[in-house]
file query.cif (mmCIF, C-alpha atoms)
data_run
#
loop_
_atom_site.label_atom_id
_atom_site.label_comp_id
_atom_site.auth_asym_id
_atom_site.auth_seq_id
_atom_site.Cartn_x
_atom_site.Cartn_y
_atom_site.Cartn_z
CA MET A 845 0.39 -24.43 -26.73
CA ARG A 846 -0.72 -25.73 -23.36
CA GLU A 847 2.82 -26.90 -22.64
CA VAL A 848 4.27 -23.54 -23.56
CA PHE A 849 1.77 -21.93 -21.22
CA GLN A 850 2.76 -24.21 -18.34
CA GLN A 851 6.38 -23.40 -19.00
CA GLU A 852 5.60 -19.68 -18.94
CA LEU A 853 3.75 -20.06 -15.66
CA ARG A 854 6.82 -21.74 -14.22
CA GLU A 855 8.87 -18.80 -15.44
CA VAL A 856 6.48 -16.44 -13.66
CA GLN A 857 6.75 -18.51 -10.51
CA ASP A 858 10.56 -18.59 -10.68
CA ARG A 859 10.67 -14.85 -10.98
CA LEU A 860 8.32 -14.35 -8.03
CA VAL A 861 10.60 -16.61 -5.98
CA GLU A 862 13.61 -14.57 -7.10
CA ILE A 863 12.00 -11.26 -6.12
CA ALA A 864 10.83 -12.67 -2.78
CA GLY A 865 14.40 -13.83 -2.12
CA LEU A 866 15.67 -10.29 -2.71
CA VAL A 867 12.96 -8.90 -0.44
CA ALA A 868 14.03 -11.38 2.28
CA GLU A 869 17.64 -10.23 1.91
CA SER A 870 16.49 -6.63 2.02
CA ILE A 871 14.45 -6.97 5.23
CA GLU A 872 17.23 -8.98 6.86
CA ASN A 873 19.73 -6.22 6.13
CA ALA A 874 17.26 -3.44 6.94
CA THR A 875 16.33 -4.79 10.35
CA ARG A 876 19.97 -5.46 11.19
CA ALA A 877 20.91 -1.94 10.08
CA PHE A 878 18.03 -0.61 12.17
CA ASN A 879 18.84 -2.56 15.30
CA GLU A 880 22.62 -2.11 15.12
CA SER A 881 22.74 1.39 13.62
CA ASP A 882 24.75 0.10 10.67
CA VAL A 883 24.58 2.95 8.19
CA THR A 884 26.56 1.14 5.48
CA LEU A 885 24.13 -1.74 5.53
CA ALA A 886 21.21 0.72 5.51
CA GLU A 887 22.65 2.32 2.40
CA THR A 888 23.00 -1.07 0.74
CA VAL A 889 19.28 -1.73 1.29
CA ILE A 890 18.36 1.68 -0.11
CA ALA A 891 20.67 1.22 -3.12
CA ASN A 892 19.22 -2.22 -3.89
CA ASP A 893 15.54 -1.32 -3.81
CA PRO A 894 15.40 -0.13 -7.46
CA GLN A 895 16.47 -3.63 -8.50
CA ILE A 896 13.40 -5.10 -6.78
CA ASP A 897 11.21 -2.49 -8.46
CA ALA A 898 12.74 -3.25 -11.87
CA LEU A 899 12.27 -7.01 -11.49
CA ALA A 900 8.66 -6.50 -10.42
CA THR A 901 8.05 -4.34 -13.50
CA GLU A 902 9.66 -6.94 -15.76
CA LEU A 903 7.51 -9.63 -14.21
CA ASP A 904 4.41 -7.52 -14.86
CA GLU A 905 5.44 -7.17 -18.49
CA LEU A 906 5.89 -10.93 -18.77
CA ALA A 907 2.47 -11.54 -17.20
CA ILE A 908 0.79 -9.06 -19.56
CA ASN A 909 2.53 -10.67 -22.52
CA ILE A 910 1.31 -14.09 -21.40
CA LEU A 911 -2.23 -12.73 -21.20
CA ALA A 912 -1.91 -11.33 -24.72
CA ARG A 913 -0.31 -14.38 -26.32
CA GLN A 914 -1.88 -17.28 -24.44
CA GLN A 915 -5.30 -15.78 -23.78
CA PRO A 916 -5.81 -17.91 -20.70
CA VAL A 917 -9.30 -18.33 -19.24
CA ALA A 918 -10.80 -19.57 -15.98
CA ARG A 919 -8.26 -20.70 -13.41
CA ASP A 920 -5.25 -20.07 -15.67
CA LEU A 921 -6.32 -16.47 -16.13
CA ARG A 922 -6.67 -15.99 -12.39
CA ILE A 923 -3.19 -17.40 -11.83
CA VAL A 924 -1.68 -14.77 -14.11
CA VAL A 925 -3.76 -11.98 -12.52
CA SER A 926 -2.61 -13.23 -9.09
CA ALA A 927 0.99 -12.98 -10.21
CA LEU A 928 0.46 -9.31 -11.07
CA ARG A 929 -0.92 -8.69 -7.59
CA ILE A 930 1.78 -10.68 -5.84
CA SER A 931 4.44 -8.72 -7.66
CA ALA A 932 2.83 -5.44 -6.51
CA SER A 933 2.84 -6.64 -2.89
CA LEU A 934 6.46 -7.81 -3.07
CA GLU A 935 7.42 -4.42 -4.45
CA ARG A 936 5.72 -2.76 -1.46
CA MET A 937 7.49 -5.13 0.96
CA GLY A 938 10.76 -3.95 -0.56
CA ASP A 939 9.65 -0.35 0.05
CA MET A 940 8.91 -1.11 3.71
CA ALA A 941 12.40 -2.60 4.13
CA GLU A 942 13.81 0.52 2.48
CA HIS A 943 11.84 2.78 4.85
CA ILE A 944 13.21 0.88 7.85
CA ALA A 945 16.73 1.32 6.47
CA GLN A 946 16.08 5.03 5.91
CA LEU A 947 15.15 5.47 9.57
CA ALA A 948 18.47 3.87 10.54
CA ARG A 949 20.32 6.19 8.20
CA TYR A 950 18.53 9.38 9.34
CA ARG A 951 19.38 8.81 13.00
CA PHE A 952 22.91 7.54 12.55
CA PRO A 953 25.12 7.54 14.62
CA ASP A 954 22.28 7.40 17.17
CA LYS A 955 20.20 4.28 17.50
CA VAL A 956 16.71 4.64 16.15
CA VAL A 957 14.79 3.49 19.20
CA PRO A 958 15.42 3.96 22.88
CA LYS A 959 16.57 1.09 25.05
CA ASN A 960 13.25 -0.10 26.42
CA LEU A 961 11.87 -0.72 22.92
CA ARG A 962 14.92 -2.34 21.40
CA GLY A 963 13.94 -5.87 22.38
CA THR A 964 10.51 -5.39 20.80
CA PHE A 965 12.00 -4.21 17.51
CA VAL A 966 14.58 -6.99 17.46
CA GLU A 967 11.70 -9.43 17.79
CA MET A 968 9.56 -7.69 15.15
CA GLY A 969 12.54 -7.68 12.81
CA ARG A 970 13.21 -11.36 13.44
CA LEU A 971 9.60 -12.21 12.66
CA ASP A 972 9.58 -10.09 9.48
CA VAL A 973 12.74 -11.85 8.27
CA GLU A 974 11.24 -15.24 9.06
CA ILE A 975 8.03 -14.31 7.28
CA ALA A 976 9.96 -13.18 4.20
CA LYS A 977 11.97 -16.41 4.10
CA LYS A 978 8.83 -18.48 4.52
CA LEU A 979 7.12 -16.48 1.81
CA THR A 980 9.94 -17.31 -0.60
CA GLU A 981 9.55 -20.97 0.31
CA LEU A 982 5.77 -20.74 -0.04
CA LEU A 983 6.07 -19.26 -3.53
CA ARG A 984 8.47 -22.07 -4.44
CA THR A 985 6.54 -25.00 -2.97
CA GLN A 986 2.94 -23.78 -2.57
CA ASP A 987 2.87 -25.70 0.70
CA THR A 988 -0.28 -24.64 2.55
CA ASP A 989 1.28 -25.25 5.98
CA ILE A 990 3.74 -22.46 5.31
CA ALA A 991 0.89 -20.07 4.57
CA GLU A 992 -0.57 -20.92 7.96
CA ASP A 993 2.80 -20.23 9.65
CA ILE A 994 2.97 -16.82 7.99
CA ARG A 995 -0.47 -15.95 9.27
CA ASN A 996 0.49 -16.98 12.82
CA GLU A 997 3.66 -14.92 12.71
CA ASP A 998 1.71 -11.95 11.44
CA ASP A 999 -0.53 -12.25 14.52
CA LYS A 1000 2.58 -12.05 16.70
CA ILE A 1001 3.73 -8.95 14.86
CA ASP A 1002 0.33 -7.32 15.32
CA ASP A 1003 0.62 -7.96 19.07
CA LEU A 1004 4.11 -6.45 19.15
CA HIS A 1005 2.86 -3.48 17.11
CA LEU A 1006 0.18 -2.81 19.75
CA SER A 1007 2.74 -3.27 22.54
CA VAL A 1008 4.89 -0.51 21.00
CA PHE A 1009 1.99 1.92 21.38
CA ASP A 1010 1.31 0.70 24.90
CA LYS A 1011 4.90 1.50 25.83
CA VAL A 1012 5.07 4.81 24.00
CA LEU A 1013 1.79 5.97 25.53
CA GLY A 1014 2.55 4.50 28.97
CA GLU A 1015 3.57 6.51 32.01
CA LYS A 1016 7.09 5.16 32.04
CA TRP A 1017 7.90 6.43 28.54
CA LYS A 1018 10.78 8.89 28.78
CA GLY A 1019 11.50 9.18 25.06
CA GLU A 1020 11.72 12.51 23.30
CA ALA A 1021 9.48 13.41 20.38
CA VAL A 1022 12.02 12.06 17.91
CA ASP A 1023 11.96 8.67 19.66
CA THR A 1024 8.18 8.64 19.59
CA VAL A 1025 8.04 9.50 15.87
CA ASP A 1026 10.62 6.85 15.01
CA ALA A 1027 8.97 4.14 17.10
CA THR A 1028 5.58 4.94 15.52
CA LEU A 1029 6.86 4.84 11.96
CA ALA A 1030 9.15 1.84 12.47
CA SER A 1031 6.40 -0.18 14.07
CA ARG A 1032 4.01 0.66 11.24
CA TYR A 1033 6.57 -0.35 8.58
CA HIS A 1034 7.31 -3.66 10.30
CA GLU A 1035 3.61 -4.38 10.60
CA ARG A 1036 2.76 -3.43 7.01
CA PHE A 1037 5.59 -5.63 5.74
CA ALA A 1038 3.95 -8.65 7.38
CA ASP A 1039 0.46 -7.62 6.19
CA HIS A 1040 1.63 -7.73 2.58
CA ALA A 1041 3.11 -11.18 3.17
CA VAL A 1042 -0.24 -12.43 4.48
CA SER A 1043 -2.00 -10.93 1.48
CA ILE A 1044 0.41 -12.79 -0.83
CA ALA A 1045 0.04 -16.02 1.15
CA LYS A 1046 -3.72 -15.89 0.59
CA LYS A 1047 -3.21 -15.51 -3.14
CA VAL A 1048 -0.71 -18.36 -3.30
CA MET A 1049 -3.26 -20.50 -1.48
CA TYR A 1050 -5.60 -19.73 -4.31
CA LEU A 1051 -3.07 -21.02 -6.78
CA ALA A 1052 -2.80 -24.19 -4.69
CA THR A 1053 -6.42 -24.76 -3.75
CA GLY A 1054 -8.52 -22.87 -6.29
CA ASP A 1055 -10.15 -20.58 -3.68
CA TRP A 1056 -10.07 -17.15 -5.19
CA VAL A 1057 -9.61 -14.32 -2.73
CA PRO A 1058 -10.39 -10.70 -3.53
CA ASP A 1059 -7.49 -8.31 -3.83
CA GLU A 1060 -6.40 -6.49 -0.71
CA ALA A 1061 -3.31 -4.57 0.18
CA MET B 1182 -17.66 -7.95 -30.63
CA ARG B 1183 -15.56 -4.80 -30.74
CA GLU B 1184 -18.62 -2.72 -29.85
CA VAL B 1185 -19.48 -4.96 -26.92
CA PHE B 1186 -15.91 -4.57 -25.72
CA GLN B 1187 -16.08 -0.78 -25.90
CA GLN B 1188 -19.32 -0.87 -23.98
CA GLU B 1189 -17.73 -3.04 -21.33
CA LEU B 1190 -14.80 -0.67 -21.04
CA ARG B 1191 -17.27 2.15 -20.47
CA GLU B 1192 -18.88 0.07 -17.74
CA VAL B 1193 -15.45 -0.38 -16.12
CA GLN B 1194 -14.84 3.35 -16.35
CA ASP B 1195 -18.26 4.17 -14.87
CA ARG B 1196 -17.57 1.91 -11.94
CA LEU B 1197 -14.15 3.43 -11.31
CA VAL B 1198 -15.80 6.86 -11.29
CA GLU B 1199 -18.41 5.58 -8.84
CA ILE B 1200 -15.79 4.17 -6.46
CA ALA B 1201 -13.68 7.33 -6.71
CA GLY B 1202 -16.80 9.35 -5.82
CA LEU B 1203 -17.30 7.25 -2.69
CA VAL B 1204 -13.63 7.66 -1.79
CA ALA B 1205 -13.99 11.44 -2.18
CA GLU B 1206 -17.02 11.39 0.13
CA SER B 1207 -15.10 9.24 2.57
CA ILE B 1208 -12.03 11.49 2.78
CA GLU B 1209 -14.24 14.58 3.03
CA ASN B 1210 -16.07 13.09 6.02
CA ALA B 1211 -12.90 11.61 7.53
CA THR B 1212 -10.95 14.86 7.46
CA ARG B 1213 -13.92 16.77 8.84
CA ALA B 1214 -14.36 14.19 11.60
CA PHE B 1215 -10.64 14.43 12.30
CA ASN B 1216 -10.48 18.22 12.40
CA GLU B 1217 -13.75 18.74 14.29
CA SER B 1218 -13.64 15.63 16.52
CA ASP B 1219 -16.97 14.48 15.12
CA VAL B 1220 -17.20 10.89 16.29
CA THR B 1221 -20.51 10.19 14.55
CA LEU B 1222 -19.08 11.23 11.23
CA ALA B 1223 -15.96 9.15 11.95
CA GLU B 1224 -18.14 6.12 12.54
CA THR B 1225 -19.97 6.73 9.28
CA VAL B 1226 -16.67 6.65 7.40
CA ILE B 1227 -15.64 3.43 9.14
CA ALA B 1228 -19.03 1.83 8.50
CA ASN B 1229 -18.96 2.75 4.81
CA ASP B 1230 -15.49 1.42 3.98
CA PRO B 1231 -16.64 -2.18 3.36
CA GLN B 1232 -18.87 -0.84 0.57
CA ILE B 1233 -15.83 0.60 -1.20
CA ASP B 1234 -14.00 -2.72 -0.74
CA ALA B 1235 -16.96 -4.66 -2.14
CA LEU B 1236 -17.31 -2.40 -5.18
CA ALA B 1237 -13.58 -2.71 -5.87
CA THR B 1238 -13.84 -6.50 -5.69
CA GLU B 1239 -16.85 -6.48 -8.03
CA LEU B 1240 -14.97 -4.31 -10.46
CA ASP B 1241 -12.03 -6.72 -10.36
CA GLU B 1242 -14.40 -9.58 -11.17
CA LEU B 1243 -15.81 -7.63 -14.10
CA ALA B 1244 -12.30 -6.87 -15.39
CA ILE B 1245 -11.25 -10.53 -15.11
CA ASN B 1246 -14.42 -11.58 -16.91
CA ILE B 1247 -13.71 -9.11 -19.69
CA LEU B 1248 -10.20 -10.56 -20.04
CA ALA B 1249 -11.66 -14.07 -20.25
CA ARG B 1250 -14.47 -13.32 -22.69
CA GLN B 1251 -13.01 -10.59 -24.89
CA GLN B 1252 -9.37 -11.71 -24.87
CA PRO B 1253 -8.12 -8.19 -25.49
CA VAL B 1254 -4.57 -7.63 -26.71
CA ALA B 1255 -2.16 -4.70 -26.99
CA ARG B 1256 -3.55 -1.39 -25.71
CA ASP B 1257 -6.99 -2.83 -24.89
CA LEU B 1258 -5.38 -5.42 -22.65
CA ARG B 1259 -3.36 -2.78 -20.85
CA ILE B 1260 -6.48 -0.72 -20.27
CA VAL B 1261 -8.14 -3.63 -18.47
CA VAL B 1262 -4.98 -4.37 -16.45
CA SER B 1263 -4.80 -0.67 -15.53
CA ALA B 1264 -8.37 -0.84 -14.26
CA LEU B 1265 -7.38 -3.65 -11.89
CA ARG B 1266 -4.56 -1.55 -10.54
CA ILE B 1267 -6.63 1.61 -10.25
CA SER B 1268 -9.26 -0.30 -8.29
CA ALA B 1269 -6.57 -1.56 -5.87
CA SER B 1270 -5.32 2.00 -5.32
CA LEU B 1271 -8.84 3.37 -4.79
CA GLU B 1272 -9.45 0.65 -2.24
CA ARG B 1273 -6.29 1.72 -0.37
CA MET B 1274 -7.35 5.38 -0.51
CA GLY B 1275 -10.57 4.31 1.19
CA ASP B 1276 -8.47 2.56 3.86
CA MET B 1277 -6.44 5.73 4.47
CA ALA B 1278 -9.66 7.73 4.94
CA GLU B 1279 -10.85 5.05 7.36
CA HIS B 1280 -7.56 5.22 9.31
CA ILE B 1281 -7.94 9.00 9.64
CA ALA B 1282 -11.49 8.50 10.91
CA GLN B 1283 -10.26 5.86 13.36
CA LEU B 1284 -7.78 8.33 14.85
CA ALA B 1285 -10.65 10.79 15.40
CA ARG B 1286 -12.70 8.09 17.09
CA TYR B 1287 -9.89 6.83 19.33
CA ARG B 1288 -9.18 10.26 20.77
CA PHE B 1289 -12.77 11.47 21.07
CA PRO B 1290 -13.79 13.67 22.89
CA ASP B 1291 -10.28 15.09 22.63
CA LYS B 1292 -9.09 16.57 19.39
CA VAL B 1293 -6.54 14.43 17.62
CA VAL B 1294 -3.84 17.03 17.15
CA PRO B 1295 -2.71 19.88 19.34
CA LYS B 1296 -3.45 23.47 18.43
CA ASN B 1297 -0.27 24.42 16.65
CA LEU B 1298 -0.71 21.61 14.09
CA ARG B 1299 -4.42 22.03 13.45
CA GLY B 1300 -4.00 24.51 10.62
CA THR B 1301 -1.57 22.16 8.88
CA PHE B 1302 -3.98 19.22 9.08
CA VAL B 1303 -6.93 21.33 7.93
CA GLU B 1304 -4.85 22.24 4.89
CA MET B 1305 -3.70 18.65 4.27
CA GLY B 1306 -7.30 17.49 4.56
CA ARG B 1307 -8.51 20.18 2.17
CA LEU B 1308 -5.89 19.14 -0.38
CA ASP B 1309 -6.74 15.43 -0.02
CA VAL B 1310 -10.43 16.19 -0.60
CA GLU B 1311 -9.60 18.33 -3.61
CA ILE B 1312 -7.34 15.61 -4.99
CA ALA B 1313 -10.07 12.98 -4.54
CA LYS B 1314 -12.64 15.16 -6.31
CA LYS B 1315 -10.23 15.87 -9.14
CA LEU B 1316 -9.42 12.20 -9.40
CA THR B 1317 -13.10 11.39 -9.87
CA GLU B 1318 -13.25 14.03 -12.59
CA LEU B 1319 -10.05 12.71 -14.17
CA LEU B 1320 -11.45 9.18 -14.32
CA ARG B 1321 -14.61 10.57 -15.93
CA THR B 1322 -13.01 12.89 -18.48
CA GLN B 1323 -9.39 11.66 -18.87
CA ASP B 1324 -8.41 15.33 -19.07
CA THR B 1325 -4.60 15.46 -18.80
CA ASP B 1326 -4.64 18.92 -17.20
CA ILE B 1327 -6.41 17.45 -14.17
CA ALA B 1328 -3.66 14.86 -13.78
CA GLU B 1329 -1.14 17.70 -13.68
CA ASP B 1330 -3.20 19.48 -10.98
CA ILE B 1331 -3.23 16.33 -8.87
CA ARG B 1332 0.52 16.05 -9.09
CA ASN B 1333 0.96 19.68 -8.03
CA GLU B 1334 -1.35 19.23 -5.07
CA ASP B 1335 0.52 16.11 -4.05
CA ASP B 1336 3.73 18.20 -3.96
CA LYS B 1337 2.01 20.59 -1.56
CA ILE B 1338 0.94 17.69 0.65
CA ASP B 1339 4.49 16.35 0.69
CA ASP B 1340 5.70 19.77 1.87
CA LEU B 1341 3.06 19.86 4.60
CA HIS B 1342 4.00 16.30 5.61
CA LEU B 1343 7.61 17.39 6.10
CA SER B 1344 6.48 20.49 7.99
CA VAL B 1345 4.61 18.28 10.47
CA PHE B 1346 7.87 16.54 11.35
CA ASP B 1347 9.68 19.88 11.55
CA LYS B 1348 7.14 21.04 14.12
CA VAL B 1349 7.01 17.81 16.08
CA LEU B 1350 10.80 17.61 16.25
CA GLY B 1351 11.24 21.34 16.84
CA GLU B 1352 12.17 22.93 20.17
CA LYS B 1353 8.78 24.54 20.60
CA TRP B 1354 6.87 21.24 20.49
CA LYS B 1355 5.05 20.79 23.79
CA GLY B 1356 2.91 17.82 22.76
CA GLU B 1357 2.76 14.65 24.78
CA ALA B 1358 3.68 11.27 23.33
CA VAL B 1359 0.09 10.63 22.28
CA ASP B 1360 0.06 13.88 20.27
CA THR B 1361 3.32 12.93 18.62
CA VAL B 1362 2.05 9.45 17.69
CA ASP B 1363 -1.20 10.84 16.30
CA ALA B 1364 0.49 13.60 14.32
CA THR B 1365 2.95 11.08 12.85
CA LEU B 1366 0.29 8.59 11.81
CA ALA B 1367 -2.21 11.19 10.61
CA SER B 1368 0.40 12.91 8.48
CA ARG B 1369 1.47 9.62 6.96
CA TYR B 1370 -2.15 8.65 6.13
CA HIS B 1371 -2.85 12.03 4.51
CA GLU B 1372 0.34 11.77 2.47
CA ARG B 1373 -0.24 8.16 1.36
CA PHE B 1374 -3.79 9.04 0.28
CA ALA B 1375 -2.38 11.60 -2.15
CA ASP B 1376 0.39 9.24 -3.32
CA HIS B 1377 -2.19 6.68 -4.42
CA ALA B 1378 -4.06 9.41 -6.31
CA VAL B 1379 -0.89 10.34 -8.18
CA SER B 1380 -0.28 6.69 -8.99
CA ILE B 1381 -3.81 6.43 -10.42
CA ALA B 1382 -3.42 9.69 -12.33
CA LYS B 1383 -0.35 8.28 -14.07
CA LYS B 1384 -2.31 5.20 -15.11
CA VAL B 1385 -5.23 7.24 -16.40
CA MET B 1386 -2.76 9.25 -18.42
CA TYR B 1387 -1.73 6.00 -20.01
CA LEU B 1388 -5.32 5.35 -21.01
CA ALA B 1389 -5.42 8.83 -22.57
CA THR B 1390 -1.99 9.01 -24.17
CA GLY B 1391 -0.77 5.44 -24.58
CA ASP B 1392 2.30 5.89 -22.39
CA TRP B 1393 2.41 2.81 -20.22
CA VAL B 1394 3.74 3.33 -16.71
CA PRO B 1395 4.96 0.52 -14.50
CA ASP B 1396 2.87 -0.32 -11.46
CA GLU B 1397 3.74 1.45 -8.26
CA ALA B 1398 1.94 1.85 -4.99
#

call {"tool": "encode", "arguments": {"input": "query.cif", "output": "structure tokens"}}
result
Amino acid sequence: MREVFQQELREVQDRLVEIAGLVAESIENATRAFNESDVTLAETVIANDPQIDALATELDELAINILARQQPVARDLRIVVSALRISASLERMGDMAEHIAQLARYRFPDKVVPKNLRGTFVEMGRLDVEIAKKLTELLRTQDTDIAEDIRNEDDKIDDLHLSVFDKVLGEKWKGEAVDTVDATLASRYHERFADHAVSIAKKVMYLATGDWVPDEA
Amino acid sequence: MREVFQQELREVQDRLVEIAGLVAESIENATRAFNESDVTLAETVIANDPQIDALATELDELAINILARQQPVARDLRIVVSALRISASLERMGDMAEHIAQLARYRFPDKVVPKNLRGTFVEMGRLDVEIAKKLTELLRTQDTDIAEDIRNEDDKIDDLHLSVFDKVLGEKWKGEAVDTVDATLASRYHERFADHAVSIAKKVMYLATGDWVPDEA
């Protein structure tokens, strides 16, 4: 019984890694589509999001079935509950990538953000992609150093997020309302994407160290 | 055993109702603070949010303990899992109310939105408050008609959300960048608040009807 349970936990882990890999692909394509105004790539991201949603739902079903059949307690129970929460956060990360792609599609053939913010968004996108790749690795290895990296990169994204508002609200800003709206939304989506990754990293650290952290989005 | 379990489920339900009541109070104060530039009220909302977070965490602990001790299966198990998800959504609704209050505080003593959008935000705020009150009632009574009302009101909020962008991107918009940023963020927070309520309403409907719905944020 115990061995079956361990095997099922590995199955849960494998599926989380799989979903995280798709999310990483999604944010990589979304940020490229956003920065290069590639509408075809944007549409690919949008078309692929339901797959992430479906896999997250299937994972939830598996986790609930494990709870029903294996009746885990103590730490084992918390691992399965964590998996449910991680899957919800991954699903939201996929949504954020989709929203970024939608902005690229709406404004096509124009670029989404004006020139003086492009460098900032390229950097935010790069960090989000790196975070997503590290998250996949973290879910696979449960290496606590990676969790620390993710947290540091999230700090950088928070700084960039604030710098977007500094620019948009600064005297030199010449953007029109549409540029301001897009920069505001895009910056928020990039930042939320990283927040979810940090929230997952904390939960994975629980799996590795036994320190339970309360749920947070 | 079965009776103890039913009693514990009632305890879970009572706590969800309690948290939803606090969220309703929070959005009522936040939208008033936002529309009337009441910085004291905004600070009250911000100061009270940790209480909502703490109650949600306590509820999660209770739900996990119920899973461990009662080992529910089938529908009973899904009810407890639903409670975990509902608590996460309520916690996020509290965050959205806090974000709205923060906008009011940042811009004080100025009003957050320019004149020609004030009526729209008063209406969005009114709908969010109504939705939160109905949600509390729904959690208490599991009356399916209330769930339907919440969905209809969310549709109205979605329309208002789109109308904000129509105005901001329209030719008549005279707002400065700061007005555009605030209107964009405020509209998004109002809309997300209602989305979470709809997501909860779907889960409560499961508790009432047995139709399981996948998790969604």

call {"tool": "residues_around", "arguments": {"input": "query.cif", "residues": "Asp1257 (chain B)", "least_positions_apart": "6", "cutoff": "10 Å", "atoms": "only C-alpha atoms", "output": "compact mmCIF listing (two decimals) with C-alpha atoms, keeping the file's coordinate frame"}}
result
# COMPACT_ATOMS: atom_id res chain seq x y z
CA ALA A 912 -1.91 -11.33 -24.72
CA PHE B 1186 -15.91 -4.57 -25.72
CA GLN B 1187 -16.08 -0.78 -25.90
CA LEU B 1190 -14.80 -0.67 -21.04
CA LEU B 1248 -10.20 -10.56 -20.04
CA GLN B 1251 -13.01 -10.59 -24.89
CA SER B 1263 -4.80 -0.67 -15.53
CA LEU B 1388 -5.32 5.35 -21.01

call {"tool": "resolve_selection", "arguments": {"input": "query.cif", "expression": "the PyMOL selection byres ((chain B) within 9 of (chain A))", "output": "PyMOL selection string"}}
result
chain B and resi 1234+1237-1239+1241-1242+1245-1246+1248-1250+1252-1255+1258-1259+1262+1266+1269-1270+1272-1273+1346+1349-1351+1354+1356-1359+1361-1362+1364-1366+1369+1395-1398

call {"tool": "resolve_selection", "arguments": {"input": "query.cif", "expression": "the PyMOL selection byres ((chain B and resi 1193) around 8)", "output": "ChimeraX atom specification"}}
result
/B:1189-1192,1194-1197,1240,1243-1244,1264

call {"tool": "residues_around", "arguments": {"input": "query.cif", "residues": "Arg1299 (chain B)", "least_positions_apart": "6", "cutoff": "10 Å", "atoms": "all atoms listed in the file", "output": "list in words"}}
result
Phe1215, Asn1216, Glu1217, Lys1292, Val1293, Met1305 and Ala1364 of chain B

call {"tool": "atom_distance", "arguments": {"input": "query.cif", "atom1": "CA of Val1198 (chain B)", "atom2": "CA of Met1386 (chain B)"}}
result
15.1 Å

call {"tool": "resolve_selection", "arguments": {"input": "query.cif", "expression": "the PyMOL selection byres ((chain A and resi 872) around 10)", "output": "list in words"}}
result
Leu866, Val867, Ala868, Glu869, Ser870, Ile871, Asn873, Ala874, Thr875, Arg876, Ala877, Phe878, Val889, Ala941, Gly969, Arg970, Asp972, Val973, Glu974, Ala976 and Lys977 of chain A

call {"tool": "atom_distance", "arguments": {"input": "query.cif", "atom1": "CA of Ile896 (chain A)", "atom2": "CA of Met937 (chain A)"}}
result
9.7 Å

call {"tool": "residues_around", "arguments": {"input": "query.cif", "residues": "Val1042 (chain A)", "least_positions_apart": "3", "cutoff": "7 Å", "atoms": "only C-alpha atoms", "output": "MDAnalysis selection string"}}
result
chainID A and resid 994:995 1038:1039 1045:1046

call {"tool": "atom_distance", "arguments": {"input": "query.cif", "atom1": "CA of Asp998 (chain A)", "atom2": "CA of Met940 (chain A)"}}
result
15.1 Å

call {"tool": "closest_residue", "arguments": {"input": "query.cif", "among": "A:Thr1053, A:Ser1031, A:Asn892, A:Ser881", "to": "Asp1002 (chain A)", "atoms": "all atoms listed in the file"}}
result
A:Ser1031

call {"tool": "residues_around", "arguments": {"input": "query.cif", "residues": "Thr985 (chain A)", "least_positions_apart": "3", "cutoff": "10 Å", "atoms": "all atoms listed in the file", "output": "PyMOL selection string"}}
result
chain A and resi 857+861+979-982+988+990+1048+1052

call {"tool": "closest_residue", "arguments": {"input": "query.cif", "among": "A:Phe1037, A:Ala886, A:Lys1011, A:Glu942", "to": "Lys959 (chain A)", "atoms": "all atoms listed in the file"}}
result
A:Lys1011

call {"tool": "residues_around", "arguments": {"input": "query.cif", "residues": "Thr1301 (chain B)", "least_positions_apart": "4", "cutoff": "9 Å", "atoms": "only C-alpha atoms", "output": "PyMOL selection string"}}
result
chain B and resi 1297+1305-1306+1341-1342+1344-1345

call {"tool": "write_last_selection", "arguments": {"input": "query.cif", "atoms": "C-alpha atoms", "output": "short mmCIF file (atom, residue, chain, number, x, y, z; two decimals), keeping the file's coordinate frame"}}
result
data_model
loop_
_atom_site.label_atom_id
_atom_site.label_comp_id
_atom_site.auth_asym_id
_atom_site.auth_seq_id
_atom_site.Cartn_x
_atom_site.Cartn_y
_atom_site.Cartn_z
CA ASN B 1297 -0.27 24.42 16.65
CA MET B 1305 -3.70 18.65 4.27
CA GLY B 1306 -7.30 17.49 4.56
CA LEU B 1341 3.06 19.86 4.60
CA HIS B 1342 4.00 16.30 5.61
CA SER B 1344 6.48 20.49 7.99
CA VAL B 1345 4.61 18.28 10.47
#
